[in-house]
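Participant: Have a peek at coords_18.txt (compact mmCIF, C-alpha atoms).
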# COMPACT_ATOMS: atom_id res chain seq x y z
CA MET A 1 59.34 -18.04 43.77
CA PRO A 2 57.19 -20.37 41.68
CA ALA A 3 56.06 -19.13 38.28
CA VAL A 4 52.43 -19.35 39.34
CA HIS A 5 51.25 -17.84 42.58
CA VAL A 6 50.04 -20.37 45.13
CA ASN A 7 48.78 -20.02 48.66
CA PRO A 8 51.24 -21.62 51.04
CA THR A 9 48.67 -23.63 52.92
CA ARG A 10 48.49 -27.26 53.88
CA GLN A 11 45.29 -27.71 51.92
CA GLU A 12 46.89 -26.34 48.78
CA LEU A 13 49.86 -28.63 49.31
CA THR A 14 47.68 -31.72 49.47
CA ARG A 15 45.79 -30.61 46.38
CA LEU A 16 49.00 -30.01 44.44
CA LYS A 17 50.46 -33.34 45.46
CA ASN A 18 47.37 -35.11 44.19
CA ARG A 19 47.51 -33.20 40.95
CA LEU A 20 51.16 -34.03 40.51
CA ARG A 21 50.46 -37.70 41.01
CA THR A 22 47.72 -37.60 38.37
CA SER A 23 49.93 -35.66 35.97
CA VAL A 24 52.82 -38.06 36.26
CA ARG A 25 50.50 -40.96 35.62
CA GLY A 26 48.88 -39.18 32.68
CA HIS A 27 52.26 -38.34 31.29
CA LYS A 28 53.32 -41.96 31.35
CA LEU A 29 50.11 -43.10 29.67
CA LEU A 30 50.30 -40.44 26.97
CA LYS A 31 53.91 -41.30 26.31
CA ASP A 32 52.97 -44.94 25.81
CA LYS A 33 50.15 -43.88 23.52
CA ARG A 34 52.52 -41.71 21.50
CA ASP A 35 55.03 -44.52 21.08
CA GLU A 36 52.40 -46.99 19.97
CA LEU A 37 50.84 -44.49 17.55
CA MET A 38 54.25 -43.79 16.13
CA LYS A 39 54.84 -47.47 15.54
CA GLN A 40 51.53 -47.85 13.72
CA PHE A 41 52.09 -44.64 11.80
CA LEU A 42 55.47 -45.64 10.46
CA GLU A 43 54.08 -48.92 9.22
CA VAL A 44 51.21 -47.18 7.46
CA VAL A 45 53.39 -44.49 5.98
CA ARG A 46 55.89 -46.97 4.57
CA GLU A 47 53.12 -48.83 2.82
CA ASN A 48 51.60 -45.55 1.73
CA ARG A 49 54.80 -44.49 0.00
CA ALA A 50 55.25 -47.76 -1.82
CA LEU A 51 51.62 -47.81 -2.88
CA ARG A 52 51.70 -44.25 -4.09
CA ALA A 53 54.74 -44.87 -6.24
CA LYS A 54 53.01 -47.89 -7.73
CA VAL A 55 49.72 -46.09 -8.36
CA GLU A 56 51.40 -43.08 -9.90
CA ALA A 57 53.39 -45.23 -12.27
CA ALA A 58 50.31 -47.21 -13.29
CA LEU A 59 48.25 -44.08 -13.79
CA MET A 60 50.92 -42.53 -15.96
CA GLN A 61 50.81 -45.60 -18.11
CA ALA A 62 47.03 -45.39 -18.41
CA HIS A 63 47.26 -41.70 -19.28
CA GLY A 64 49.78 -42.57 -21.96
CA SER A 65 47.37 -45.03 -23.55
CA PHE A 66 44.62 -42.44 -23.32
CA THR A 67 46.72 -39.89 -25.09
CA VAL A 68 47.31 -42.36 -27.90
CA ALA A 69 43.60 -43.16 -28.00
CA SER A 70 42.61 -39.53 -28.15
CA ALA A 71 45.05 -39.01 -30.98
CA LEU A 72 43.49 -41.86 -32.95
CA MET A 73 39.88 -40.97 -32.17
CA SER A 74 37.97 -37.73 -32.21
CA THR A 75 37.24 -36.15 -28.86
CA GLU A 76 33.49 -36.53 -29.34
CA MET A 77 33.85 -40.18 -30.20
CA LEU A 78 36.03 -40.76 -27.16
CA GLN A 79 33.62 -39.04 -24.82
CA GLN A 80 30.71 -40.84 -26.30
CA SER A 81 32.42 -44.19 -25.87
CA LEU A 82 32.92 -43.65 -22.19
CA LEU A 83 29.70 -41.79 -21.50
CA TYR A 84 27.72 -44.68 -20.16
CA PRO A 85 29.74 -46.92 -17.83
CA LYS A 86 28.99 -50.59 -17.72
CA GLN A 87 29.91 -51.12 -14.15
CA SER A 88 29.22 -49.01 -11.16
CA VAL A 89 30.99 -48.92 -7.87
CA GLU A 90 29.38 -48.93 -4.49
CA LEU A 91 31.49 -48.00 -1.57
CA THR A 92 30.72 -48.70 2.05
CA MET A 93 32.84 -47.54 4.88
CA SER A 94 33.51 -48.91 8.30
CA PHE A 95 35.78 -47.61 10.97
CA GLN A 96 38.69 -49.14 12.69
CA ASN A 97 39.90 -47.90 16.00
CA VAL A 98 43.64 -47.44 16.17
CA MET A 99 44.63 -46.13 19.60
CA SER A 100 41.42 -44.11 19.88
CA VAL A 101 41.76 -42.74 16.37
CA ASN A 102 38.96 -43.68 14.05
CA VAL A 103 40.36 -44.57 10.69
CA PRO A 104 38.22 -45.48 7.70
CA LYS A 105 38.16 -48.83 6.03
CA TYR A 106 36.67 -48.93 2.57
CA HIS A 107 34.79 -51.85 1.15
CA PHE A 108 33.65 -51.59 -2.39
CA LYS A 109 31.35 -53.60 -4.53
CA THR A 110 31.23 -53.34 -8.25
CA ARG A 111 27.85 -53.92 -9.67
CA ASP A 112 27.67 -55.93 -12.84
CA ALA A 113 31.27 -56.88 -12.45
CA GLN A 114 32.44 -59.52 -14.79
CA PRO A 115 36.19 -59.58 -14.93
CA GLY A 116 37.50 -58.50 -18.31
CA ASP A 117 34.24 -56.92 -19.28
CA VAL A 118 34.69 -53.32 -18.23
CA TYR A 119 34.58 -51.80 -21.70
CA PRO A 120 31.41 -49.80 -22.03
CA TYR A 121 31.63 -49.53 -25.79
CA GLY A 122 31.62 -51.60 -28.91
CA PHE A 123 34.98 -52.49 -30.32
CA ALA A 124 34.18 -51.62 -33.92
CA ALA A 125 34.48 -47.87 -33.72
CA THR A 126 37.14 -47.50 -31.05
CA SER A 127 40.87 -47.75 -30.99
CA GLY A 128 42.74 -50.53 -29.28
CA ALA A 129 44.69 -48.01 -27.24
CA LEU A 130 41.45 -47.11 -25.47
CA ASP A 131 41.04 -50.73 -24.41
CA ASP A 132 44.55 -50.65 -23.00
CA ALA A 133 43.82 -47.46 -21.11
CA VAL A 134 40.58 -48.71 -19.57
CA ASP A 135 42.23 -52.00 -18.75
CA ALA A 136 45.13 -50.27 -17.02
CA LEU A 137 42.77 -48.07 -15.05
CA SER A 138 40.61 -50.93 -13.84
CA GLY A 139 43.78 -52.75 -12.87
CA VAL A 140 45.04 -49.90 -10.77
CA PHE A 141 41.69 -49.06 -9.22
CA GLN A 142 42.02 -51.64 -6.46
CA ASP A 143 45.33 -50.09 -5.46
CA MET A 144 43.86 -46.61 -5.65
CA LEU A 145 41.24 -47.52 -3.09
CA ARG A 146 43.88 -49.02 -0.84
CA LEU A 147 45.95 -45.88 -1.32
CA ALA A 148 43.01 -43.70 -0.27
CA GLU A 149 42.59 -45.76 2.87
CA MET A 150 46.29 -45.64 3.71
CA GLU A 151 46.67 -41.98 3.00
CA LYS A 152 43.67 -40.94 5.05
CA THR A 153 44.82 -43.18 7.88
CA SER A 154 48.28 -41.67 7.85
CA GLN A 155 46.86 -38.15 7.86
CA LEU A 156 44.56 -38.88 10.78
CA LEU A 157 47.32 -40.64 12.70
CA ALA A 158 49.73 -37.79 12.03
CA GLU A 159 47.24 -35.36 13.51
CA GLU A 160 46.74 -37.50 16.60
CA ILE A 161 50.47 -38.01 17.09
CA GLU A 162 51.07 -34.29 16.86
CA LYS A 163 48.40 -33.65 19.50
CA THR A 164 49.70 -36.37 21.80
CA ARG A 165 53.28 -35.21 21.39
CA ARG A 166 52.31 -31.69 22.41
CA ARG A 167 50.49 -32.98 25.45
CA VAL A 168 53.40 -35.15 26.52
CA ASN A 169 55.83 -32.29 26.14
CA ALA A 170 53.58 -29.81 27.91
CA LEU A 171 53.27 -32.16 30.87
CA GLU A 172 56.92 -33.11 30.92
CA TYR A 173 58.50 -29.71 30.51
CA VAL A 174 55.93 -27.27 31.87
CA LYS A 175 53.19 -28.65 34.07
CA ILE A 176 55.13 -31.19 36.13
CA PRO A 177 58.16 -28.95 36.87
CA GLN A 178 55.78 -26.12 37.73
CA MET A 179 53.91 -28.25 40.21
CA GLU A 180 57.06 -29.63 41.72
CA GLU A 181 58.35 -26.12 42.21
CA ALA A 182 55.10 -25.01 43.80
CA ILE A 183 55.15 -28.00 46.14
CA LYS A 184 58.71 -27.24 47.14
CA TYR A 185 57.82 -23.60 47.71
CA ILE A 186 54.85 -24.48 49.90
CA SER A 187 56.70 -27.05 51.98
CA MET A 188 59.60 -24.63 52.53
CA LYS A 189 57.19 -21.93 53.53
CA LEU A 190 55.34 -24.24 55.92
CA ASP A 191 58.60 -25.42 57.50
CA GLU A 192 59.69 -21.83 57.87
CA ASN A 193 56.40 -20.95 59.56
CA GLU A 194 56.78 -23.86 61.92
CA ARG A 195 60.30 -22.83 62.89
CA SER A 196 59.28 -19.24 63.46
CA ALA A 197 56.38 -20.41 65.63
CA THR A 198 58.78 -22.44 67.79
CA ILE A 199 61.14 -19.52 68.15
CA ARG A 200 58.28 -17.25 69.08
CA LEU A 201 57.18 -19.67 71.80
CA MET A 202 60.72 -19.88 73.15
CA LYS A 203 60.95 -16.10 73.21
CA VAL A 204 57.65 -15.77 75.02
CA LYS A 205 58.72 -18.38 77.50
CA ASP A 206 61.97 -16.46 78.13
CA MET A 207 60.08 -13.26 78.65
CA LEU A 208 57.69 -14.89 81.10
CA LEU A 209 60.55 -16.47 83.00
CA LYS A 210 62.40 -13.20 83.20
CA GLU A 211 59.31 -11.47 84.52
CA ALA A 212 58.81 -14.16 87.11
CA ILE A 213 62.43 -13.92 88.24
CA GLU A 214 62.20 -10.16 88.51
CA ASP A 215 59.01 -10.43 90.51
CA ARG A 216 60.68 -12.85 92.86
CA ARG A 217 63.68 -10.58 93.27
CA ALA A 218 61.51 -7.58 93.98
CA GLU A 219 59.67 -9.57 96.63
CA ASP A 220 62.95 -10.66 98.22
CA ALA A 221 64.25 -7.10 98.28
CA ARG A 222 61.02 -5.85 99.88
CA ALA A 223 61.24 -8.55 102.51
CA ALA A 224 64.88 -7.70 103.26
CA ARG A 225 63.99 -4.01 103.60
CA ALA A 226 61.10 -4.78 105.95
CA PHE A 227 63.38 -6.93 108.04
CA GLY A 228 66.06 -4.18 108.25
CA ALA A 229 63.53 -1.51 109.32
CA SER A 230 61.98 -3.47 112.19
CA GLY A 231 65.43 -4.45 113.59
CA GLU A 232 63.95 -7.62 114.93
CA ALA A 233 64.19 -11.16 114.00
CA PRO A 234 61.53 -12.06 111.47
CA GLN A 235 58.56 -13.67 113.01
CA GLU A 236 57.88 -17.17 112.05
CA VAL A 237 54.82 -17.35 109.96
CA MET B 1 26.85 -46.01 9.31
CA SER B 2 28.46 -48.96 7.64
CA ASN B 3 25.42 -49.74 5.53
CA GLU B 4 25.40 -46.35 3.92
CA THR B 5 26.94 -46.28 0.51
CA TYR B 6 29.35 -43.56 -0.35
CA ARG B 7 30.48 -42.19 -3.64
CA ILE B 8 33.89 -41.90 -5.16
CA ALA B 9 34.55 -38.77 -7.16
CA VAL B 10 37.28 -37.87 -9.57
CA LEU B 11 38.00 -34.20 -10.03
CA GLY B 12 40.39 -32.91 -12.65
CA ASP B 13 40.78 -31.68 -16.19
CA GLN B 14 38.68 -33.37 -18.86
CA ASP B 15 41.40 -35.49 -20.42
CA SER B 16 42.74 -36.77 -17.13
CA VAL B 17 39.46 -37.87 -15.63
CA LEU B 18 37.68 -39.23 -18.67
CA GLY B 19 38.98 -42.74 -18.24
CA PHE B 20 37.62 -43.08 -14.73
CA GLN B 21 34.15 -42.73 -16.11
CA ALA B 22 34.51 -46.18 -17.59
CA LEU B 23 35.09 -47.58 -14.10
CA GLY B 24 31.81 -46.20 -12.87
CA LEU B 25 33.20 -43.43 -10.71
CA ASP B 26 31.61 -40.01 -10.54
CA VAL B 27 33.60 -37.75 -12.79
CA TYR B 28 33.68 -33.99 -12.42
CA PRO B 29 35.67 -32.25 -15.10
CA ALA B 30 37.09 -28.89 -14.06
CA GLU B 31 39.70 -27.03 -16.05
CA THR B 32 40.62 -24.37 -13.52
CA VAL B 33 41.01 -24.07 -9.78
CA GLU B 34 38.12 -21.63 -9.65
CA GLU B 35 35.84 -24.22 -11.20
CA ALA B 36 37.10 -27.02 -8.99
CA ARG B 37 36.76 -25.25 -5.65
CA PRO B 38 32.93 -25.14 -5.41
CA ILE B 39 32.72 -28.69 -6.76
CA LEU B 40 35.06 -29.92 -4.03
CA HIS B 41 33.02 -28.24 -1.32
CA ARG B 42 29.80 -29.63 -2.72
CA LEU B 43 31.27 -33.13 -2.81
CA ALA B 44 32.40 -32.79 0.78
CA ARG B 45 28.88 -31.90 1.89
CA GLU B 46 27.27 -34.73 -0.03
CA ASN B 47 28.41 -38.13 1.06
CA THR B 48 31.53 -38.63 -0.94
CA ALA B 49 34.11 -40.78 0.77
CA ILE B 50 37.03 -40.35 -1.59
CA VAL B 51 37.89 -37.52 -3.94
CA TYR B 52 40.67 -38.19 -6.39
CA LEU B 53 42.10 -34.84 -7.34
CA THR B 54 44.67 -34.18 -10.01
CA GLU B 55 47.89 -32.66 -8.80
CA ALA B 56 47.67 -29.85 -11.31
CA LEU B 57 44.46 -28.61 -9.63
CA ALA B 58 45.66 -29.43 -6.14
CA SER B 59 48.63 -27.09 -6.42
CA GLY B 60 46.20 -24.15 -6.36
CA MET B 61 43.91 -25.51 -3.65
CA GLU B 62 46.20 -25.97 -0.65
CA ALA B 63 43.80 -24.29 1.77
CA GLU B 64 40.79 -26.36 0.70
CA ILE B 65 42.74 -29.60 0.99
CA ALA B 66 44.10 -28.69 4.41
CA ARG B 67 40.56 -28.03 5.56
CA TYR B 68 39.48 -31.61 4.90
CA LYS B 69 42.72 -33.19 5.98
CA ASP B 70 41.65 -33.84 9.57
CA ALA B 71 38.08 -34.74 8.73
CA LEU B 72 37.04 -38.35 8.32
CA THR B 73 35.39 -37.74 4.97
CA PRO B 74 36.23 -36.95 2.30
CA ALA B 75 39.69 -38.37 1.82
CA ILE B 76 41.30 -36.19 -0.80
CA ILE B 77 43.83 -38.24 -2.68
CA LEU B 78 46.10 -36.65 -5.23
CA ILE B 79 46.69 -38.43 -8.48
CA PRO B 80 48.90 -37.39 -11.35
CA GLY B 81 47.08 -35.77 -14.25
CA LYS B 82 47.79 -36.41 -17.89
CA SER B 83 50.70 -33.98 -17.83
CA GLY B 84 52.61 -36.19 -15.41
CA SER B 85 53.34 -36.38 -11.74
CA LEU B 86 54.30 -33.13 -10.07
CA GLY B 87 55.53 -34.86 -6.94
CA ILE B 88 52.95 -33.13 -4.74
CA GLY B 89 51.42 -36.41 -3.61
CA MET B 90 54.77 -37.74 -2.45
CA ALA B 91 55.61 -34.40 -0.85
CA ASN B 92 52.36 -34.64 1.13
CA VAL B 93 53.29 -38.05 2.48
CA LYS B 94 56.61 -36.59 3.52
CA LYS B 95 54.85 -33.64 5.11
CA SER B 96 52.61 -35.85 7.22
CA VAL B 97 55.69 -37.69 8.48
CA GLU B 98 57.26 -34.39 9.41
CA ARG B 99 54.09 -33.36 11.14
CA ALA B 100 53.96 -36.49 13.24
CA VAL B 101 57.60 -37.06 14.00
CA GLY B 102 58.99 -33.56 13.78
CA ALA B 103 61.56 -34.53 11.18
CA ASP B 104 61.59 -36.50 7.96
CA ILE B 105 63.02 -39.81 9.06
CA LEU B 106 62.24 -41.93 6.04
How would this structure read if it were set down as structure tokens?

Facilitator:
Amino acid sequence: MPAVHVNPTRQELTRLKNRLRTSVRGHKLLKDKRDELMKQFLEVVRENRALRAKVEAALMQAHGSFTVASALMSTEMLQQSLLYPKQSVELTMSFQNVMSVNVPKYHFKTRDAQPGDVYPYGFAATSGALDDAVDALSGVFQDMLRLAEMEKTSQLLAEEIEKTRRRVNALEYVKIPQMEEAIKYISMKLDENERSATIRLMKVKDMLLKEAIEDRRAEDARAARAFGASGEAPQEV
Amino acid sequence: MSNETYRIAVLGDQDSVLGFQALGLDVYPAETVEEARPILHRLARENTAIVYLTEALASGMEAEIARYKDALTPAIILIPGKSGSLGIGMANVKKSVERAVGADIL
């Protein structure tokens, strides 16, 4: 018996066969999609890991300089120095379609960007360590943006791969075998019905024949009896 | 959509985020997870494309981060705070590989 109940009719059989064909095709397409996504994902994730290691190292260095700066300067002074930034960042976003997954691409513009002029404070009252820290941060910022892009992309791709993988597996191990079983069940049932119909016809034919033979015999016997009673030769009809 | 400008926010403890102010990013100091949580949600509603979050805060905000993981914006990116890297950022990369492939193959 199939796991799902189906009506063993010819119409149902045709419907199931069509569905099976679609499922097999869908399964193949989804499998291709999964493989391609996986390829893209592994590339992104490799770069992501390298970039993250780089960014973390650079940030630690910047934090180190900051710690030195905050030891040399008072907290208020430090905050005041950084309070009003010289440059500002504008970020625009566009989307790139990777195998039907929309992944962000960041483009940023720094306003008032003159390279080497990111320090929003005068040099007289601040420590040199602060310069180092700000310098390190502005150096790593480009990579941080790239990291954000990579990391978001890998997260979105991971989600899509997971979904696609589930679909592929569901089709491969559940839906397609189920349909195949149902088709087999229906065709067996239909064949069985056909055979039983043939047998029934043969039986009916036998019964009719037997009846006819018996009728004939009864007629013959009646004729023989009539002939015996009259004692004459039967008249020609 | 592409003409709209987005903002980049940095969320973390005062000492860790101060430097980013010089770069012209939006800085939101928050010392505790309780402080950071509403700020993160507010940033997500307003058009912030990237939120840099210190790992120290992130360790207490798993649920919030997971919520935005599959959304296009904001991208929540973990950065080490002044106390050093806790390895959460790397662990997350690993986790996304596991999620996609089913096993850590790198």

Participant: Given the choices A:Asp220, A:Asp131, A:Asp143, A:Glu159, which gets closest to chain B if the distance is worked out from all atoms listed in the file?

Facilitator: A:Glu159

Participant: For stretch 48-62 of chain B, work out the shell of residues within 10 Å, counting only C-alpha atoms and skipping chain neighbours fewer than 3 positions away, then give it as a PyMOL selection string.

Facilitator: (chain A and resi 91-93+104+106+144-145+148-149+152) or (chain B and resi 5-13+16-17+26-28+30-37+40+42-45+65-67+72-89)

Participant: With C-alpha atoms retained, export the selected residues as a PDB file, keeping the file's coordinate frame.

Facilitator:
ATOM      1  CA  LEU A  91      31.490 -48.000  -1.570  1.00  0.00           C
ATOM      2  CA  THR A  92      30.720 -48.700   2.050  1.00  0.00           C
ATOM      3  CA  MET A  93      32.840 -47.540   4.880  1.00  0.00           C
ATOM      4  CA  PRO A 104      38.220 -45.480   7.700  1.00  0.00           C
ATOM      5  CA  TYR A 106      36.670 -48.930   2.570  1.00  0.00           C
ATOM      6  CA  MET A 144      43.860 -46.610  -5.650  1.00  0.00           C
ATOM      7  CA  LEU A 145      41.240 -47.520  -3.090  1.00  0.00           C
ATOM      8  CA  ALA A 148      43.010 -43.700  -0.270  1.00  0.00           C
ATOM      9  CA  GLU A 149      42.590 -45.760   2.870  1.00  0.00           C
ATOM     10  CA  LYS A 152      43.670 -40.940   5.050  1.00  0.00           C
TER      11      LYS A 152
ATOM     12  CA  THR B   5      26.940 -46.280   0.510  1.00  0.00           C
ATOM     13  CA  TYR B   6      29.350 -43.560  -0.350  1.00  0.00           C
ATOM     14  CA  ARG B   7      30.480 -42.190  -3.640  1.00  0.00           C
ATOM     15  CA  ILE B   8      33.890 -41.900  -5.160  1.00  0.00           C
ATOM     16  CA  ALA B   9      34.550 -38.770  -7.160  1.00  0.00           C
ATOM     17  CA  VAL B  10      37.280 -37.870  -9.570  1.00  0.00           C
ATOM     18  CA  LEU B  11      38.000 -34.200 -10.030  1.00  0.00           C
ATOM     19  CA  GLY B  12      40.390 -32.910 -12.650  1.00  0.00           C
ATOM     20  CA  ASP B  13      40.780 -31.680 -16.190  1.00  0.00           C
ATOM     21  CA  SER B  16      42.740 -36.770 -17.130  1.00  0.00           C
ATOM     22  CA  VAL B  17      39.460 -37.870 -15.630  1.00  0.00           C
ATOM     23  CA  ASP B  26      31.610 -40.010 -10.540  1.00  0.00           C
ATOM     24  CA  VAL B  27      33.600 -37.750 -12.790  1.00  0.00           C
ATOM     25  CA  TYR B  28      33.680 -33.990 -12.420  1.00  0.00           C
ATOM     26  CA  ALA B  30      37.090 -28.890 -14.060  1.00  0.00           C
ATOM     27  CA  GLU B  31      39.700 -27.030 -16.050  1.00  0.00           C
ATOM     28  CA  THR B  32      40.620 -24.370 -13.520  1.00  0.00           C
ATOM     29  CA  VAL B  33      41.010 -24.070  -9.780  1.00  0.00           C
ATOM     30  CA  GLU B  34      38.120 -21.630  -9.650  1.00  0.00           C
ATOM     31  CA  GLU B  35      35.840 -24.220 -11.200  1.00  0.00           C
ATOM     32  CA  ALA B  36      37.100 -27.020  -8.990  1.00  0.00           C
ATOM     33  CA  ARG B  37      36.760 -25.250  -5.650  1.00  0.00           C
ATOM     34  CA  LEU B  40      35.060 -29.920  -4.030  1.00  0.00           C
ATOM     35  CA  ARG B  42      29.800 -29.630  -2.720  1.00  0.00           C
ATOM     36  CA  LEU B  43      31.270 -33.130  -2.810  1.00  0.00           C
ATOM     37  CA  ALA B  44      32.400 -32.790   0.780  1.00  0.00           C
ATOM     38  CA  ARG B  45      28.880 -31.900   1.890  1.00  0.00           C
ATOM     39  CA  ILE B  65      42.740 -29.600   0.990  1.00  0.00           C
ATOM     40  CA  ALA B  66      44.100 -28.690   4.410  1.00  0.00           C
ATOM     41  CA  ARG B  67      40.560 -28.030   5.560  1.00  0.00           C
ATOM     42  CA  LEU B  72      37.040 -38.350   8.320  1.00  0.00           C
ATOM     43  CA  THR B  73      35.390 -37.740   4.970  1.00  0.00           C
ATOM     44  CA  PRO B  74      36.230 -36.950   2.300  1.00  0.00           C
ATOM     45  CA  ALA B  75      39.690 -38.370   1.820  1.00  0.00           C
ATOM     46  CA  ILE B  76      41.300 -36.190  -0.800  1.00  0.00           C
ATOM     47  CA  ILE B  77      43.830 -38.240  -2.680  1.00  0.00           C
ATOM     48  CA  LEU B  78      46.100 -36.650  -5.230  1.00  0.00           C
ATOM     49  CA  ILE B  79      46.690 -38.430  -8.480  1.00  0.00           C
ATOM     50  CA  PRO B  80      48.900 -37.390 -11.350  1.00  0.00           C
ATOM     51  CA  GLY B  81      47.080 -35.770 -14.250  1.00  0.00           C
ATOM     52  CA  LYS B  82      47.790 -36.410 -17.890  1.00  0.00           C
ATOM     53  CA  SER B  83      50.700 -33.980 -17.830  1.00  0.00           C
ATOM     54  CA  GLY B  84      52.610 -36.190 -15.410  1.00  0.00           C
ATOM     55  CA  SER B  85      53.340 -36.380 -11.740  1.00  0.00           C
ATOM     56  CA  LEU B  86      54.300 -33.130 -10.070  1.00  0.00           C
ATOM     57  CA  GLY B  87      55.530 -34.860  -6.940  1.00  0.00           C
ATOM     58  CA  ILE B  88      52.950 -33.130  -4.740  1.00  0.00           C
ATOM     59  CA  GLY B  89      51.420 -36.410  -3.610  1.00  0.00           C
TER      60      GLY B  89
END

Participant: Could you list, with a cut-off of 6 Å and counting only C-alpha atoms, the residues of chain A near chain B, each shown with its nearest atom pair and the distance in Å rounded to one decimal, rows sorted by chain and ascending number, as CSV?

Facilitator:
residue,atom,partner,partner_atom,distance
A:His63,CA,B:Lys82,CA,5.5
A:Leu82,CA,B:Ala22,CA,5.5
A:Pro85,CA,B:Ala22,CA,4.8
A:Gln87,CA,B:Gly24,CA,5.4
A:Ser88,CA,B:Gly24,CA,4.2
A:Val89,CA,B:Gly24,CA,5.8
A:Leu91,CA,B:Tyr6,CA,5.1
A:Thr92,CA,B:Thr5,CA,4.7
A:Met93,CA,B:Ser2,CA,5.4
A:Ser94,CA,B:Ser2,CA,5.1
A:Lys152,CA,B:Ala75,CA,5.7
A:Leu156,CA,B:Asp70,CA,5.9
A:Ala158,CA,B:Ala100,CA,4.6
A:Ile161,CA,B:Ala100,CA,5.4
A:Glu162,CA,B:Ala100,CA,5.1

Participant: State, in Å with one decimal place, the distance from atom CA of A:Pro177 to atom CA of A:Glu36.

Facilitator: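 These atoms are spaced 25.4 Å apart.
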
Participant: Compare A:Val103, A:Ala226, A:Leu147, A:Ala212 by their minimum atom-to-atom distance to A:Arg46, counting only C-alpha atoms, and give me the closest one.

Facilitator: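 Comparing A:Val103, A:Ala226, A:Leu147, A:Ala212 against A:Arg46, the winner is A:Leu147.
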
Participant: Rounded to one decimal place, report the atom CA of A:Lys28-atom CA of A:Lys163 distance in Å.

Facilitator: 15.3 Å

Participant: So what do you get for atom CA of A:Ala129 versus atom CA of A:Ser81, distance-wise?

Facilitator: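 These two atoms are separated by 12.9 Å.
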
Participant: Go through A:Leu30, A:Ile199, A:Met150, A:Met73 and flag the residue nearest A:Val45, using all atoms listed in the file for the distances.

Facilitator: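 The answer is A:Met150, which sits nearest to A:Val45.
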
Participant: Please determine, counting all atoms listed in the file, which residue among A:Leu157, A:Ala69, A:Leu42, A:Met188 has the shortest atom-to-atom distance to B:Asp104.

Facilitator: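 Result for the nearest residue to B:Asp104: A:Leu42.
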
Participant: Set the distance at 12 Å and use all atoms listed in the file: which residues neighbour A:Lys33 once local chain neighbours fewer than 3 positions away are removed? I'd like the list as a list in words.

Facilitator: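 Skipping anything fewer than 3 positions along the chain leaves Gly26, His27, Lys28, Leu29, Leu30, Glu36, Leu37, Met38, Lys39, Gln40, Phe41, Val98, Met99, Ser100, Val101, Leu157, Glu160, Ile161, Glu162, Lys163, Thr164, Arg165, Arg167 and Val168 of chain A.
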
Participant: Box for stretch 215-220 of chain A - axis-aligned, 3 Å on each of the six sides, all listed atoms - centre and size in Å to one decimal, as JSON.

Facilitator:
{"center_x": 61.3, "center_y": -10.2, "center_z": 94.4, "size_x": 10.7, "size_y": 11.3, "size_z": 13.7}
